[in-house]
Structure formats: structure tokens, C-alpha cells
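Reading through the C-alpha cells given below for one structure.
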Amino acid sequence: MEKQDFDSINFQDIPSEFYCDSNDSVFEECTFCRKKLFTSSEAYMIEKSFKINQNNGKKNTVFEYAICMSCNLKKMNAMSSESVSNIKSYMQENFSQEDWELKTNSGVNLFEKCAVTGKNVEELSEYNIIGQFFSNKMVLGHFPILLSPSIGEEIQELLSQETKDEFDDFMNTINDVPPELKELFKTKRPVIV
Ligand SMILES: [Zn+2]
């Protein structure tokens with residue numbers, strides 16, 4: 001990702017799937033440090049977790065956040081090297097680069113299926129979507145991806161106890177995070193690295 005030519009990066013308007021529930025529009029600030037995302041020169045990530053209401057098929061947001069690169073770096077620095085290398089090899093084994101390129105070039109529905117299991121979104125009662133953004137655009141490349149909840153659980157298992165403790169410390173250093181999100185991060189730590 002870091003080595004990608006700037007010219008080859010594709011941008012598109014932010015899809016409504018990544019809108020913030022509270023204002024039904026794009027995320028304006030980093031959930032953690034409150035940095036303004038549009039005027040900052042940093043890229044950022046958004047993760048949203050949905051649960052499907054089995055009665056009416058509508059999706060409800062379980063949690064959502066935007067994280068700027070500075071906060072993401074802090075989070076990564078809180079991880080032990082053991083955890084980082086575990087996750088990297090997991091990603092290499094399970095994520096197909098070809099698939100990503102195919103999908104971003106062909107204009108197919110980006111949220112059609114789980115990037116790891118290949119399960120169609122219709123079969124999932126819960127899922128997470130993760131995207132990368134810059135200013136008011138979505139960056140197409142490794143992201144966006146849709147993941148089944150089981151992937152998040154598998155990744156959590158790759159984290160060392162040391163990292164889990166450090167994540168808790170990381171969350172404790174961050175102010176202004178809604179308490180429910182803070183609790184959630186402690187039990188169900190963020191997937192993206
Ligand atoms: Zn931030």
C-alpha cells in the first residue's frame with residue numbers, strides 16, 4: 001500500500017454505507033482525537049459494523065468510528081511485534097489481491113461478499129465494512145472490504161495478551177470517545193491494522 005504510485009490510486013465519492021449514523025452524512029472528525037478529516041492532510045479509515053434485523057431485513061449499526069492515521073499509528077504502536085507479524089501472515093494467506101483489483105476495476109458492488117470467506121452478504125446476519133479515505137473521497141485499493149464477524153474473531157485470536165493489555169492502555173489514553181465505544185474496543189478490539 002505504501003509503495004503504491006499516487007497516480008494509480010483511484011478515488012470515488014464516499015458511499016452512503018460509510019455515512020455516520022448520527023448525522024446521516026459523512027464523518028467529519030476522527031472519533032478518537034476529533035481532528036477535522038476534510039481539512040487534514042491525513043488519510044483515515046472508517047469501520048462500521050452492521051446487524052441485520054431478521055424480521056424486516058433492515059440493517060442496524062452496531063458500532064462505527066473514523067480513525068485518522070495518527071491515531072491508527074498509535075494503535076499499531078500499541079501492538080506487540082508478535083501480533084503484527086501474526087496478522088500480516090493471516091492477511092497474506094487469506095486475502096486475495098487479485099480479487100480486490102478485479103472488484104475495484106469492474107465497478108461491481110463492493111459490498112457483495114466477505115473478502116475472506118467469499119460468503120454473499122445476503123447470507124450474513126452481521127458484518128463489518130472497512131474503508132480508507134482521504135478528505136471527502138474514498139480511496140480504492142486494498143479497501144473497501146466487507147468482513148464476516150468470524151474474521152474479526154479469528155484476528156483477535158492472533159493478538160498476543162501483551163497487545164490486548166496495551167490496547168486497553170491505548171483506549172484509556174484517548175479522551176472523548178463515547179463510553180460504549182470504549183467498552184466495545186476493550187472486548188472486541190478493532191480489526192484494521
Ligand atoms: Zn485521530
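The way I read the labels, and the way they are meant: chains A, B, ... in the order of the C-alpha cells, residue 1 as the first residue of every chain, and ligand 1 as the first ligand shown, with later ones counted on from there.
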
Within 9 Å of ligand 1, counting only C-alpha atoms and all ligand atoms, residues as a VMD selection string: chain A and resid 29 to 37 44 66 to 72

Would you write out those residues with N, CA and C atoms, as a PDB file, in the first residue's frame?
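Okay, this is what ended up in selection.pdb:
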ATOM      1  N   GLU A  29     -15.079  14.163  11.703  1.00  0.00           N
ATOM      2  CA  GLU A  29     -13.904  14.170  12.574  1.00  0.00           C
ATOM      3  C   GLU A  29     -13.473  12.762  12.961  1.00  0.00           C
ATOM      4  N   CYS A  30     -12.207  12.678  13.364  1.00  0.00           N
ATOM      5  CA  CYS A  30     -11.675  11.429  13.906  1.00  0.00           C
ATOM      6  C   CYS A  30     -12.410  11.170  15.220  1.00  0.00           C
ATOM      7  N   THR A  31     -12.927   9.964  15.382  1.00  0.00           N
ATOM      8  CA  THR A  31     -13.679   9.619  16.589  1.00  0.00           C
ATOM      9  C   THR A  31     -12.791   9.717  17.838  1.00  0.00           C
ATOM     10  N   PHE A  32     -11.489   9.557  17.651  1.00  0.00           N
ATOM     11  CA  PHE A  32     -10.580   9.485  18.795  1.00  0.00           C
ATOM     12  C   PHE A  32      -9.966  10.830  19.187  1.00  0.00           C
ATOM     13  N   CYS A  33      -9.452  11.587  18.182  1.00  0.00           N
ATOM     14  CA  CYS A  33      -8.778  12.851  18.541  1.00  0.00           C
ATOM     15  C   CYS A  33      -9.563  14.075  18.071  1.00  0.00           C
ATOM     16  N   ARG A  34     -10.689  13.852  17.400  1.00  0.00           N
ATOM     17  CA  ARG A  34     -11.556  14.950  16.941  1.00  0.00           C
ATOM     18  C   ARG A  34     -10.929  15.825  15.863  1.00  0.00           C
ATOM     19  N   LYS A  35      -9.890  15.333  15.233  1.00  0.00           N
ATOM     20  CA  LYS A  35      -9.275  16.073  14.133  1.00  0.00           C
ATOM     21  C   LYS A  35     -10.294  16.190  13.001  1.00  0.00           C
ATOM     22  N   LYS A  36     -10.314  17.351  12.333  1.00  0.00           N
ATOM     23  CA  LYS A  36     -11.224  17.529  11.196  1.00  0.00           C
ATOM     24  C   LYS A  36     -10.662  16.763  10.005  1.00  0.00           C
ATOM     25  N   LEU A  37     -11.433  15.845   9.498  1.00  0.00           N
ATOM     26  CA  LEU A  37     -10.909  14.942   8.474  1.00  0.00           C
ATOM     27  C   LEU A  37     -10.798  15.575   7.092  1.00  0.00           C
ATOM     28  N   TYR A  44      -7.613   8.545   6.393  1.00  0.00           N
ATOM     29  CA  TYR A  44      -8.285   7.978   7.568  1.00  0.00           C
ATOM     30  C   TYR A  44      -9.063   6.740   7.169  1.00  0.00           C
ATOM     31  N   ALA A  66     -14.442   6.603  12.881  1.00  0.00           N
ATOM     32  CA  ALA A  66     -13.448   7.037  11.907  1.00  0.00           C
ATOM     33  C   ALA A  66     -12.161   7.193  12.688  1.00  0.00           C
ATOM     34  N   ILE A  67     -11.061   6.775  12.112  1.00  0.00           N
ATOM     35  CA  ILE A  67      -9.777   6.878  12.811  1.00  0.00           C
ATOM     36  C   ILE A  67      -8.737   7.475  11.860  1.00  0.00           C
ATOM     37  N   CYS A  68      -8.102   8.566  12.299  1.00  0.00           N
ATOM     38  CA  CYS A  68      -7.098   9.210  11.456  1.00  0.00           C
ATOM     39  C   CYS A  68      -5.807   8.400  11.520  1.00  0.00           C
ATOM     40  N   MET A  69      -4.902   8.669  10.597  1.00  0.00           N
ATOM     41  CA  MET A  69      -3.671   7.881  10.532  1.00  0.00           C
ATOM     42  C   MET A  69      -2.820   8.048  11.784  1.00  0.00           C
ATOM     43  N   SER A  70      -2.822   9.236  12.386  1.00  0.00           N
ATOM     44  CA  SER A  70      -2.025   9.414  13.617  1.00  0.00           C
ATOM     45  C   SER A  70      -2.541   8.497  14.720  1.00  0.00           C
ATOM     46  N   CYS A  71      -3.855   8.450  14.876  1.00  0.00           N
ATOM     47  CA  CYS A  71      -4.428   7.584  15.911  1.00  0.00           C
ATOM     48  C   CYS A  71      -4.220   6.111  15.552  1.00  0.00           C
ATOM     49  N   ASN A  72      -4.311   5.805  14.247  1.00  0.00           N
ATOM     50  CA  ASN A  72      -4.113   4.427  13.824  1.00  0.00           C
ATOM     51  C   ASN A  72      -2.676   3.974  14.103  1.00  0.00           C
TER      52      ASN A  72
END

List every residue of region 37-69 of chain A that has an atom at most 9 Å from any atom of region 134-149 of chain A, giving for each one its closest atom pair and the distance in Å to one decimal, counting only C-alpha atoms, sorted by chain and then by ascending residue number, as a tab-separated table.
residue	atom	partner	partner_atom	distance
A:Leu37	CA	A:Ser135	CA	6.0
A:Phe38	CA	A:Ser135	CA	4.2
A:Thr39	CA	A:Ser135	CA	6.8
A:Ser40	CA	A:Ser135	CA	7.2
A:Ser41	CA	A:Ser135	CA	7.5
A:Glu42	CA	A:Phe134	CA	6.8
A:Ala43	CA	A:Phe134	CA	4.5
A:Tyr44	CA	A:Phe134	CA	6.3
A:Met45	CA	A:Phe134	CA	8.7
A:Ser49	CA	A:Pro149	CA	8.9

Need the shell around Glu126 (chain A): protein/DNA/RNA residues with any atom at most 10 Å away, counting only C-alpha atoms. Skip same-chain ones fewer than 3 positions apart. Format as an mmCIF file with N, CA and C atoms, in the first residue's frame?
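And here is the file that came out, selection_37.cif:
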data_model
loop_
_atom_site.group_PDB
_atom_site.id
_atom_site.type_symbol
_atom_site.label_atom_id
_atom_site.label_comp_id
_atom_site.auth_asym_id
_atom_site.auth_seq_id
_atom_site.Cartn_x
_atom_site.Cartn_y
_atom_site.Cartn_z
ATOM 1 N N SER A 49 -20.002 -1.549 11.730
ATOM 2 C CA SER A 49 -20.448 -2.904 11.980
ATOM 3 C C SER A 49 -21.974 -2.922 11.940
ATOM 4 N N PHE A 50 -22.511 -3.835 11.158
ATOM 5 C CA PHE A 50 -23.975 -3.900 11.000
ATOM 6 C C PHE A 50 -24.528 -5.235 11.472
ATOM 7 N N LYS A 51 -25.752 -5.168 11.951
ATOM 8 C CA LYS A 51 -26.504 -6.365 12.286
ATOM 9 C C LYS A 51 -27.818 -6.282 11.523
ATOM 10 N N ILE A 52 -28.189 -7.379 10.892
ATOM 11 C CA ILE A 52 -29.422 -7.369 10.098
ATOM 12 C C ILE A 52 -30.599 -7.794 10.967
ATOM 13 N N ASN A 53 -31.638 -6.999 10.925
ATOM 14 C CA ASN A 53 -32.871 -7.358 11.618
ATOM 15 C C ASN A 53 -33.554 -8.460 10.806
ATOM 16 N N LYS A 59 -30.750 -3.135 8.058
ATOM 17 C CA LYS A 59 -29.519 -3.246 8.830
ATOM 18 C C LYS A 59 -29.414 -2.130 9.867
ATOM 19 N N ASN A 60 -28.940 -2.524 11.042
ATOM 20 C CA ASN A 60 -28.737 -1.571 12.128
ATOM 21 C C ASN A 60 -27.251 -1.478 12.428
ATOM 22 N N THR A 61 -26.796 -0.281 12.731
ATOM 23 C CA THR A 61 -25.387 -0.105 13.045
ATOM 24 C C THR A 61 -25.107 -0.547 14.470
ATOM 25 N N VAL A 62 -24.129 -1.426 14.642
ATOM 26 C CA VAL A 62 -23.727 -1.864 15.981
ATOM 27 C C VAL A 62 -22.702 -0.879 16.536
ATOM 28 N N VAL A 121 -23.218 -11.350 0.953
ATOM 29 C CA VAL A 121 -23.702 -10.516 2.043
ATOM 30 C C VAL A 121 -25.107 -10.937 2.489
ATOM 31 N N GLU A 122 -25.899 -11.471 1.551
ATOM 32 C CA GLU A 122 -27.268 -11.901 1.898
ATOM 33 C C GLU A 122 -27.267 -13.035 2.919
ATOM 34 N N GLU A 123 -26.163 -13.782 2.963
ATOM 35 C CA GLU A 123 -26.103 -14.917 3.889
ATOM 36 C C GLU A 123 -25.658 -14.507 5.279
ATOM 37 N N LEU A 147 -16.331 -7.822 5.825
ATOM 38 C CA LEU A 147 -15.855 -8.997 6.555
ATOM 39 C C LEU A 147 -16.962 -9.603 7.411
ATOM 40 N N SER A 148 -17.006 -10.931 7.433
ATOM 41 C CA SER A 148 -17.919 -11.617 8.348
ATOM 42 C C SER A 148 -17.373 -11.460 9.765
ATOM 43 N N PRO A 149 -18.253 -11.524 10.770
ATOM 44 C CA PRO A 149 -17.781 -11.357 12.149
ATOM 45 C C PRO A 149 -16.750 -12.408 12.539
ATOM 46 N N SER A 150 -16.822 -13.588 11.948
ATOM 47 C CA SER A 150 -15.881 -14.648 12.327
ATOM 48 C C SER A 150 -14.439 -14.254 12.023
#

Which residues of region 24-119 of chain A come within 8 Å of region 12-18 of chain A, and for each one, what is the closest pair of atoms and their distance in Å to one decimal, counting only C-alpha atoms, sorted by chain and residue number, as a tab-separated table?
residue	atom	partner	partner_atom	distance
A:Ser25	CA	A:Ser16	CA	7.5
A:Val26	CA	A:Phe18	CA	7.1
A:Ile46	CA	A:Phe18	CA	7.1
A:Glu47	CA	A:Phe18	CA	7.9
A:Lys48	CA	A:Phe18	CA	7.1

Output as an MDAnalysis selection string all residues of region 16-119 of chain A that backbone DSSP marks as helix (DSSP H, G or I). chainID A and resid 16:18 69:77 81:94 97:106

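CA of Gly118 (chain A) to CA of Gly131 (chain A) spans 17.9 Å [interatomic distance, one decimal].
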
Which is closer to Gln54 (chain A) than all the others in A:Ile130, A:Leu159, A:Ile151, A:Leu124, using only C-alpha atoms? A:Leu124

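Separating CA of Tyr65 (chain A) from CA of Phe133 (chain A) is a distance of 12.7 Å.
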
Counting only C-alpha atoms, the residue of A:Glu64, A:Glu28, A:Thr117, A:Asn94 that sits nearest Ile129 (chain A): A:Glu64

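Reported to one decimal place, the separation of CA of Pro179 (chain A) from CA of Ala78 (chain A) is 20.2 Å.
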
Run DSSP on the backbone and grab whatever in region 17-161 of chain A lands in strand (DSSP E); send it over as a ChimeraX atom specification. /A:43-52,59-68,126-134,137-140,145-147

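Considering only C-alpha atoms, the residue among A:Gln132, A:Ser22, A:Asn77, A:Ser160 positioned nearest to Phe63 (chain A) is A:Ser22.
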
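Nearest to Ser89 (chain A) of all the residues A:Leu73, A:Ile155, A:Leu110, A:Ala115 is A:Ile155, counting only C-alpha atoms.
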